[in-house]
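Enquirer: Dropping in protein.cif, which is mmCIF, C-alpha atoms:
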```
data_run
loop_
_atom_site.label_atom_id
_atom_site.label_comp_id
_atom_site.auth_asym_id
_atom_site.auth_seq_id
_atom_site.Cartn_x
_atom_site.Cartn_y
_atom_site.Cartn_z
CA MET A 246 68.63 139.23 120.85
CA ILE A 247 65.58 137.03 120.43
CA LEU A 248 65.75 137.57 116.68
CA VAL A 249 69.42 136.51 116.58
CA CYS A 250 68.69 133.30 118.50
CA SER A 251 65.75 132.43 116.26
CA THR A 252 67.89 132.92 113.18
CA PHE A 253 70.64 130.72 114.62
CA ILE A 254 68.20 127.92 115.46
CA SER A 255 66.63 128.06 112.01
CA ALA A 256 70.06 127.85 110.37
CA ALA A 257 71.16 124.98 112.58
CA PHE A 258 68.18 122.87 111.62
CA ALA A 259 67.98 123.96 107.99
CA GLN A 260 67.53 121.07 105.61
CA ASP A 261 70.61 120.12 103.57
CA THR A 262 69.37 120.36 100.00
CA THR A 263 72.66 119.25 98.43
CA SER A 264 72.08 116.15 96.31
CA PHE A 265 73.59 112.68 96.55
CA LYS A 266 75.23 113.25 93.18
CA THR A 267 76.89 116.51 94.26
CA TYR A 268 78.38 114.96 97.38
CA PHE A 269 79.44 111.87 95.42
CA ASP A 270 81.07 113.92 92.66
CA ASN A 271 82.88 116.03 95.25
CA GLY A 272 84.05 112.88 97.03
CA LEU A 273 85.29 111.34 93.81
CA ALA A 274 87.20 114.50 92.91
CA LYS A 275 88.83 114.53 96.36
CA TYR A 276 89.65 110.82 96.03
CA LYS A 277 91.32 111.34 92.66
CA SER A 278 93.41 114.16 94.10
CA LYS A 279 94.35 111.86 97.04
CA ASP A 280 92.61 114.13 99.55
CA TYR A 281 91.22 111.08 101.29
CA THR A 282 90.00 112.80 104.47
CA ASN A 283 87.72 115.13 102.54
CA ALA A 284 86.78 112.33 100.17
CA ILE A 285 85.49 110.30 103.13
CA ALA A 286 83.58 113.33 104.46
CA ASN A 287 81.81 113.80 101.13
CA PHE A 288 81.08 110.11 100.68
CA ASP A 289 79.66 110.09 104.23
CA LYS A 290 77.18 112.77 103.21
CA ALA A 291 76.34 111.08 99.93
CA ILE A 292 75.61 107.80 101.73
CA ASP A 293 73.50 109.63 104.34
CA LYS A 294 71.51 111.21 101.51
CA LYS A 295 70.95 107.81 99.94
CA SER A 296 70.12 107.08 96.32
CA ASP A 297 67.22 105.06 94.98
CA VAL A 298 69.64 103.37 92.59
CA ALA A 299 71.49 100.48 94.26
CA THR A 300 74.48 100.80 91.94
CA ASN A 301 74.98 104.42 93.02
CA MET A 302 75.04 103.40 96.67
CA ALA A 303 77.40 100.54 95.88
CA VAL A 304 79.89 102.83 94.17
CA ALA A 305 79.74 105.39 97.01
CA TYR A 306 80.52 102.68 99.57
CA TYR A 307 83.28 101.35 97.31
CA TYR A 308 85.09 104.66 96.98
CA ARG A 309 84.67 105.45 100.65
CA ALA A 310 86.25 102.06 101.38
CA LEU A 311 89.18 102.83 99.09
CA SER A 312 89.60 106.23 100.74
CA LYS A 313 89.73 104.55 104.14
CA ARG A 314 92.30 102.01 102.95
CA TYR A 315 94.63 104.43 101.23
CA GLY A 316 94.07 107.45 103.47
CA THR A 317 93.45 106.52 107.09
CA LYS A 318 94.67 102.89 106.71
CA ASP A 319 91.35 101.85 108.27
CA ASN A 320 91.10 98.36 106.80
CA GLN A 321 88.36 97.31 109.21
CA GLY A 322 86.22 100.30 108.21
CA ALA A 323 87.03 99.65 104.56
CA LEU A 324 85.95 96.02 104.93
CA LYS A 325 82.53 97.09 106.22
CA ASP A 326 82.11 99.46 103.29
CA PHE A 327 83.15 96.81 100.77
CA ASN A 328 80.55 94.53 102.34
CA SER A 329 77.91 97.23 101.85
CA ALA A 330 79.03 97.80 98.26
CA ILE A 331 78.66 94.08 97.53
CA GLU A 332 75.26 93.96 99.24
CA ASN A 333 74.09 96.64 96.83
CA LYS A 334 75.78 95.17 93.76
CA GLY A 335 77.16 91.68 94.02
CA ASP A 336 78.45 91.20 90.49
CA ASN A 337 81.30 93.70 90.32
CA PRO A 338 84.71 91.95 90.29
CA ASP A 339 86.50 95.11 91.47
CA PHE A 340 84.51 95.09 94.72
CA PHE A 341 85.62 91.54 95.52
CA PHE A 342 89.22 92.22 94.44
CA GLU A 343 89.56 95.22 96.74
CA ARG A 344 87.77 93.50 99.61
CA ALA A 345 90.27 90.67 99.24
CA SER A 346 93.10 93.18 99.66
CA ALA A 347 91.49 94.53 102.84
CA LYS A 348 91.01 91.01 104.20
CA PHE A 349 94.63 90.15 103.46
CA ALA A 350 95.76 93.29 105.28
CA LEU A 351 93.69 92.08 108.23
CA LYS A 352 95.45 88.67 108.01
CA ASP A 353 92.31 86.86 106.78
CA THR A 354 94.08 84.93 104.03
CA THR A 355 91.25 82.40 103.65
CA GLY A 356 88.75 85.19 103.10
CA ALA A 357 91.13 86.95 100.72
CA VAL A 358 91.56 83.82 98.59
CA ALA A 359 87.77 83.38 98.47
CA ASP A 360 87.31 86.95 97.26
CA TYR A 361 90.05 86.73 94.66
CA THR A 362 88.41 83.52 93.46
CA LYS A 363 85.05 85.31 93.19
CA ALA A 364 86.68 88.19 91.30
CA ILE A 365 88.10 85.63 88.83
CA GLU A 366 84.71 83.93 88.52
CA LEU A 367 83.12 87.28 87.63
CA LYS A 368 85.98 88.26 85.29
CA PRO A 369 87.97 85.24 84.07
CA SER A 370 90.56 87.50 82.40
CA ASN A 371 91.38 89.16 85.74
CA GLU A 372 95.17 88.81 85.72
CA LYS A 373 95.62 90.86 88.89
CA ALA A 374 93.32 88.58 90.88
CA TYR A 375 95.25 85.52 89.69
CA PHE A 376 98.52 87.27 90.58
CA GLU A 377 97.44 88.25 94.09
CA ARG A 378 95.92 84.83 94.78
CA ALA A 379 99.15 83.24 93.58
CA LYS A 380 101.16 85.37 96.04
CA ILE A 381 99.04 84.11 98.92
CA LYS A 382 99.48 80.51 97.78
CA PHE A 383 103.22 81.07 97.47
CA GLY A 384 103.26 82.43 101.01
CA SER A 385 101.51 79.30 102.25
CA LYS A 386 104.10 77.17 100.37
CA ASP A 387 101.51 75.75 97.95
CA TYR A 388 103.99 76.22 95.12
CA LYS A 389 102.22 74.17 92.46
CA ALA A 390 99.00 76.15 92.94
CA ALA A 391 101.00 79.38 92.89
CA ILE A 392 102.71 78.33 89.64
CA SER A 393 99.31 77.63 88.11
CA ASP A 394 97.89 81.01 89.12
CA PHE A 395 100.96 82.93 87.97
CA GLY A 396 100.57 81.06 84.69
CA HIS A 397 96.96 82.19 84.33
CA ALA A 398 98.03 85.76 85.08
CA ILE A 399 100.61 85.53 82.28
CA GLU A 400 98.06 84.01 79.89
CA ASN A 401 95.92 87.10 80.38
CA LYS A 402 98.83 89.59 80.32
CA SER A 403 101.71 88.36 78.23
CA ASP A 404 104.13 91.08 79.40
CA TYR A 405 103.49 90.51 83.11
CA TYR A 406 107.14 90.53 84.13
CA GLU A 407 106.35 90.49 87.87
CA ALA A 408 104.39 87.27 87.38
CA TYR A 409 107.28 85.67 85.47
CA ASN A 410 109.67 86.63 88.26
CA LEU A 411 107.51 85.24 91.05
CA ARG A 412 106.62 82.13 89.06
CA GLY A 413 110.35 81.62 88.76
CA LYS A 414 110.66 81.75 92.55
CA ALA A 415 107.77 79.31 92.94
CA LYS A 416 109.36 76.93 90.42
CA LEU A 417 112.68 77.13 92.24
CA ASN A 418 110.95 76.22 95.50
CA ASP A 419 109.29 73.36 93.62
CA LYS A 420 112.80 72.14 92.58
CA ASP A 421 112.40 73.17 88.94
CA THR A 422 115.64 75.07 88.38
CA ILE A 423 115.37 75.00 84.58
CA GLY A 424 111.87 76.45 84.65
CA ALA A 425 112.90 79.03 87.23
CA SER A 426 115.83 80.17 85.11
CA ALA A 427 113.60 80.46 82.03
CA ASP A 428 111.10 82.62 83.92
CA TYR A 429 113.78 84.93 85.32
CA ASN A 430 115.20 85.28 81.81
CA LYS A 431 111.77 86.19 80.46
CA ALA A 432 111.16 88.75 83.22
CA ILE A 433 114.49 90.39 82.34
CA GLU A 434 113.73 90.27 78.62
CA LEU A 435 110.44 92.08 79.27
CA LYS A 436 111.98 94.62 81.65
CA PRO A 437 115.76 94.91 81.33
CA ASP A 438 116.09 97.13 84.43
CA TYR A 439 114.10 94.79 86.72
CA THR A 440 116.62 94.27 89.50
CA LEU A 441 114.55 91.74 91.45
CA ALA A 442 114.78 89.27 88.58
CA TYR A 443 118.54 89.76 88.27
CA THR A 444 118.91 89.19 92.02
CA ASN A 445 116.78 86.05 91.95
CA ARG A 446 118.64 84.71 88.93
CA ALA A 447 121.95 85.46 90.64
CA MET A 448 120.86 83.47 93.70
CA LEU A 449 119.86 80.57 91.46
CA LYS A 450 123.19 80.67 89.62
CA TYR A 451 125.09 80.84 92.91
CA GLY A 452 123.21 77.77 94.15
CA MET A 453 124.23 75.98 90.94
CA LYS A 454 127.87 77.11 91.51
CA ASP A 455 127.83 79.13 88.29
CA TYR A 456 129.70 81.91 90.04
CA GLU A 457 130.64 83.92 86.96
CA ALA A 458 126.99 84.19 85.92
CA ALA A 459 125.93 85.05 89.47
CA LYS A 460 128.56 87.78 89.69
CA ALA A 461 127.47 89.18 86.32
CA ASP A 462 123.87 89.46 87.55
CA TYR A 463 124.84 91.21 90.78
CA SER A 464 127.05 93.53 88.74
CA LYS A 465 124.02 94.36 86.57
CA VAL A 466 122.00 95.22 89.68
CA ILE A 467 124.81 97.56 90.78
CA GLU A 468 124.89 99.15 87.33
CA ILE A 469 121.15 99.86 87.59
CA LYS A 470 121.16 100.77 91.30
CA PRO A 471 124.66 101.97 92.27
CA ASN A 472 123.73 102.37 95.96
CA ASP A 473 122.26 98.90 96.46
CA ASN A 474 124.27 97.69 99.47
CA MET A 475 122.81 94.17 99.30
CA ALA A 476 124.00 93.73 95.72
CA TYR A 477 127.56 94.64 96.76
CA PHE A 478 127.29 92.33 99.77
CA PHE A 479 126.13 89.31 97.79
CA ARG A 480 128.52 89.96 94.93
CA ALA A 481 131.23 89.81 97.58
CA VAL A 482 129.84 86.48 98.81
CA VAL A 483 130.12 85.17 95.25
CA GLU A 484 133.65 86.51 95.00
CA VAL A 485 134.59 84.66 98.19
CA ALA A 486 133.38 81.46 96.53
CA MET A 487 135.49 82.38 93.48
CA LYS A 488 138.49 82.90 95.81
CA ALA A 489 138.77 86.50 94.63
CA LYS A 490 139.47 87.84 98.10
CA ALA A 491 140.58 91.34 97.14
CA ASP A 492 137.45 91.92 95.05
CA ALA A 493 135.28 90.44 97.78
CA CYS A 494 136.75 92.68 100.45
CA ALA A 495 136.36 95.75 98.28
CA ASP A 496 132.69 94.89 97.84
CA PHE A 497 132.15 94.12 101.54
CA ASN A 498 133.64 97.50 102.38
CA LYS A 499 131.45 99.22 99.81
CA ALA A 500 128.41 97.44 101.25
CA LYS A 501 129.41 98.66 104.71
CA GLU A 502 129.86 102.21 103.42
CA LEU A 503 126.31 102.05 102.01
CA GLY A 504 124.88 100.91 105.34
CA ASN A 505 124.92 97.12 105.25
CA THR A 506 124.97 95.95 108.88
CA LYS A 507 126.21 92.44 108.07
CA ALA A 508 129.33 93.56 106.24
CA ASP A 509 131.50 94.03 109.36
CA GLU A 510 131.21 90.35 110.27
CA MET A 511 132.30 89.29 106.77
CA ILE A 512 135.17 91.81 106.72
CA ALA A 513 136.43 90.43 110.03
CA LYS A 514 136.18 86.89 108.70
CA HIS A 515 137.66 87.29 105.24
CA CYS A 516 139.67 90.52 105.12
CA LYS A 517 141.70 90.82 108.34
CA ASP A 518 144.94 89.74 106.66
CA LEU A 519 144.67 92.17 103.76
CA PRO A 520 146.74 95.36 103.81
CA LYS A 521 144.86 98.46 104.88
#
```
Could you rewrite the structure in this file as structure tokens?

Expert:
Amino acid sequence: MILVCSTFISAAFAQDTTSFKTYFDNGLAKYKSKDYTNAIANFDKAIDKKSDVATNMAVAYYYRALSKRYGTKDNQGALKDFNSAIENKGDNPDFFFERASAKFALKDTTGAVADYTKAIELKPSNEKAYFERAKIKFGSKDYKAAISDFGHAIENKSDYYEAYNLRGKAKLNDKDTIGASADYNKAIELKPDYTLAYTNRAMLKYGMKDYEAAKADYSKVIEIKPNDNMAYFFRAVVEVAMKAKADACADFNKAKELGNTKADEMIAKHCKDLPK
């Protein structure tokens, strides 16, 4: 009995001889396979082991932070790890970019903008940082600054169809309908099945009373996504403006069938005198 207890105690306090690199490599493998819980556990052990190379520690903190963000949705814990990564290596644009995302998730938009700005400073061709910073500026209604940042994103990635689409929205909010239309057209040219751009262009055309063009864009959305209840709903709204009541009511009913909760009100308003 005494021998068993002595063996147990020795095992319990045995030194962990596994290296930093082994734990890190295991953590990275788990991270890549999206096993974030076990990734965090391995990065925990790697960080406890420590490395004499600051870059190694920085990368371990970085991947543990990403695992926390994507796995446990622990943005506060991720933020602390990004801070530690930057303390160990302060010239990596990816560290600032990802910390900005964590800050934005925590509603620290000022901090997020500062980190996206630092990521751009460290890597001027960083189209994603421009794009994300532009989205924040758009959200704060600083449309001119958003347009500028979306433009820089496009300069660095000429086929950035998402940036063209959102720059179009920013231009529309800045009263530049011609520029908005051109950007929506370009987004669609780059990605012909990009329904968001068709929807935005349809809304622009509707506002300009170009109902035929608006209807054509909503019809294209329906062609690409046949179960899009909002596309049926808004095509019906356009058809009401075109005084095509039968078509409008057919689309309102289809929208209702697909789960649109606003369709009943429009059916009651526009379709009550139509034969069942």

Enquirer: First collect every listed atom of stretch 275-285 of chain A; then fit an axis-aligned box around them, widen it by 4 Å on each side, and give centre and edge lengths in Å to one decimal, as lines of an AutoDock Vina configuration file.

Expert:
```
center_x = 89.9
center_y = 112.7
center_z = 98.6
size_x = 16.9
size_y = 12.8
size_z = 19.8
```

Enquirer: What does the PyMOL selection byres ((chain A and resi 289) around 12) select in this file, as an MDAnalysis selection string?

Expert: chainID A and resid 265 268:269 271:273 281:288 290:295 302 305:310 312:313 326

Enquirer: Excluding A:Tyr463 and any residue of its chain fewer than 6 positions from it, enumerate the residues within 10 Å of it, using only C-alpha atoms, and give them as a short mmCIF file (atom, residue, chain, number, x, y, z; two decimals) with C-alpha atoms, keeping the file's coordinate frame.

Expert:
```
data_model
loop_
_atom_site.label_atom_id
_atom_site.label_comp_id
_atom_site.auth_asym_id
_atom_site.auth_seq_id
_atom_site.Cartn_x
_atom_site.Cartn_y
_atom_site.Cartn_z
CA THR A 440 116.62 94.27 89.50
CA TYR A 443 118.54 89.76 88.27
CA THR A 444 118.91 89.19 92.02
CA ASN A 445 116.78 86.05 91.95
CA ARG A 446 118.64 84.71 88.93
CA ALA A 447 121.95 85.46 90.64
CA MET A 448 120.86 83.47 93.70
CA ILE A 469 121.15 99.86 87.59
CA ASP A 473 122.26 98.90 96.46
CA MET A 475 122.81 94.17 99.30
CA ALA A 476 124.00 93.73 95.72
CA TYR A 477 127.56 94.64 96.76
CA PHE A 478 127.29 92.33 99.77
CA PHE A 479 126.13 89.31 97.79
CA ARG A 480 128.52 89.96 94.93
CA ALA A 481 131.23 89.81 97.58
CA VAL A 483 130.12 85.17 95.25
#
```

Enquirer: For this structure, which residues satisfy the selection - the PyMOL selection byres ((chain A and resi 486-492) around 12) - when it is evaluated on the file as given? I want them as a PyMOL selection string.

Expert: chain A and resi 451-452+454-460+477-485+493-499+511-512+514-521

Enquirer: Once the PyMOL selection byres ((chain A and resi 413) around 12) has been applied to the shown file, what residues remain in the selection, as a ChimeraX atom specification?

Expert: /A:383,388-389,391-393,395-396,406-412,414-433,441-446,448-449

Enquirer: If I take atom CA of A:Leu311 and atom CA of A:Asp297, how far is one from the other in Å, to one decimal?

Expert: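 Atom CA of A:Asp297 lies at a distance of 22.5 Å from atom CA of A:Leu311.
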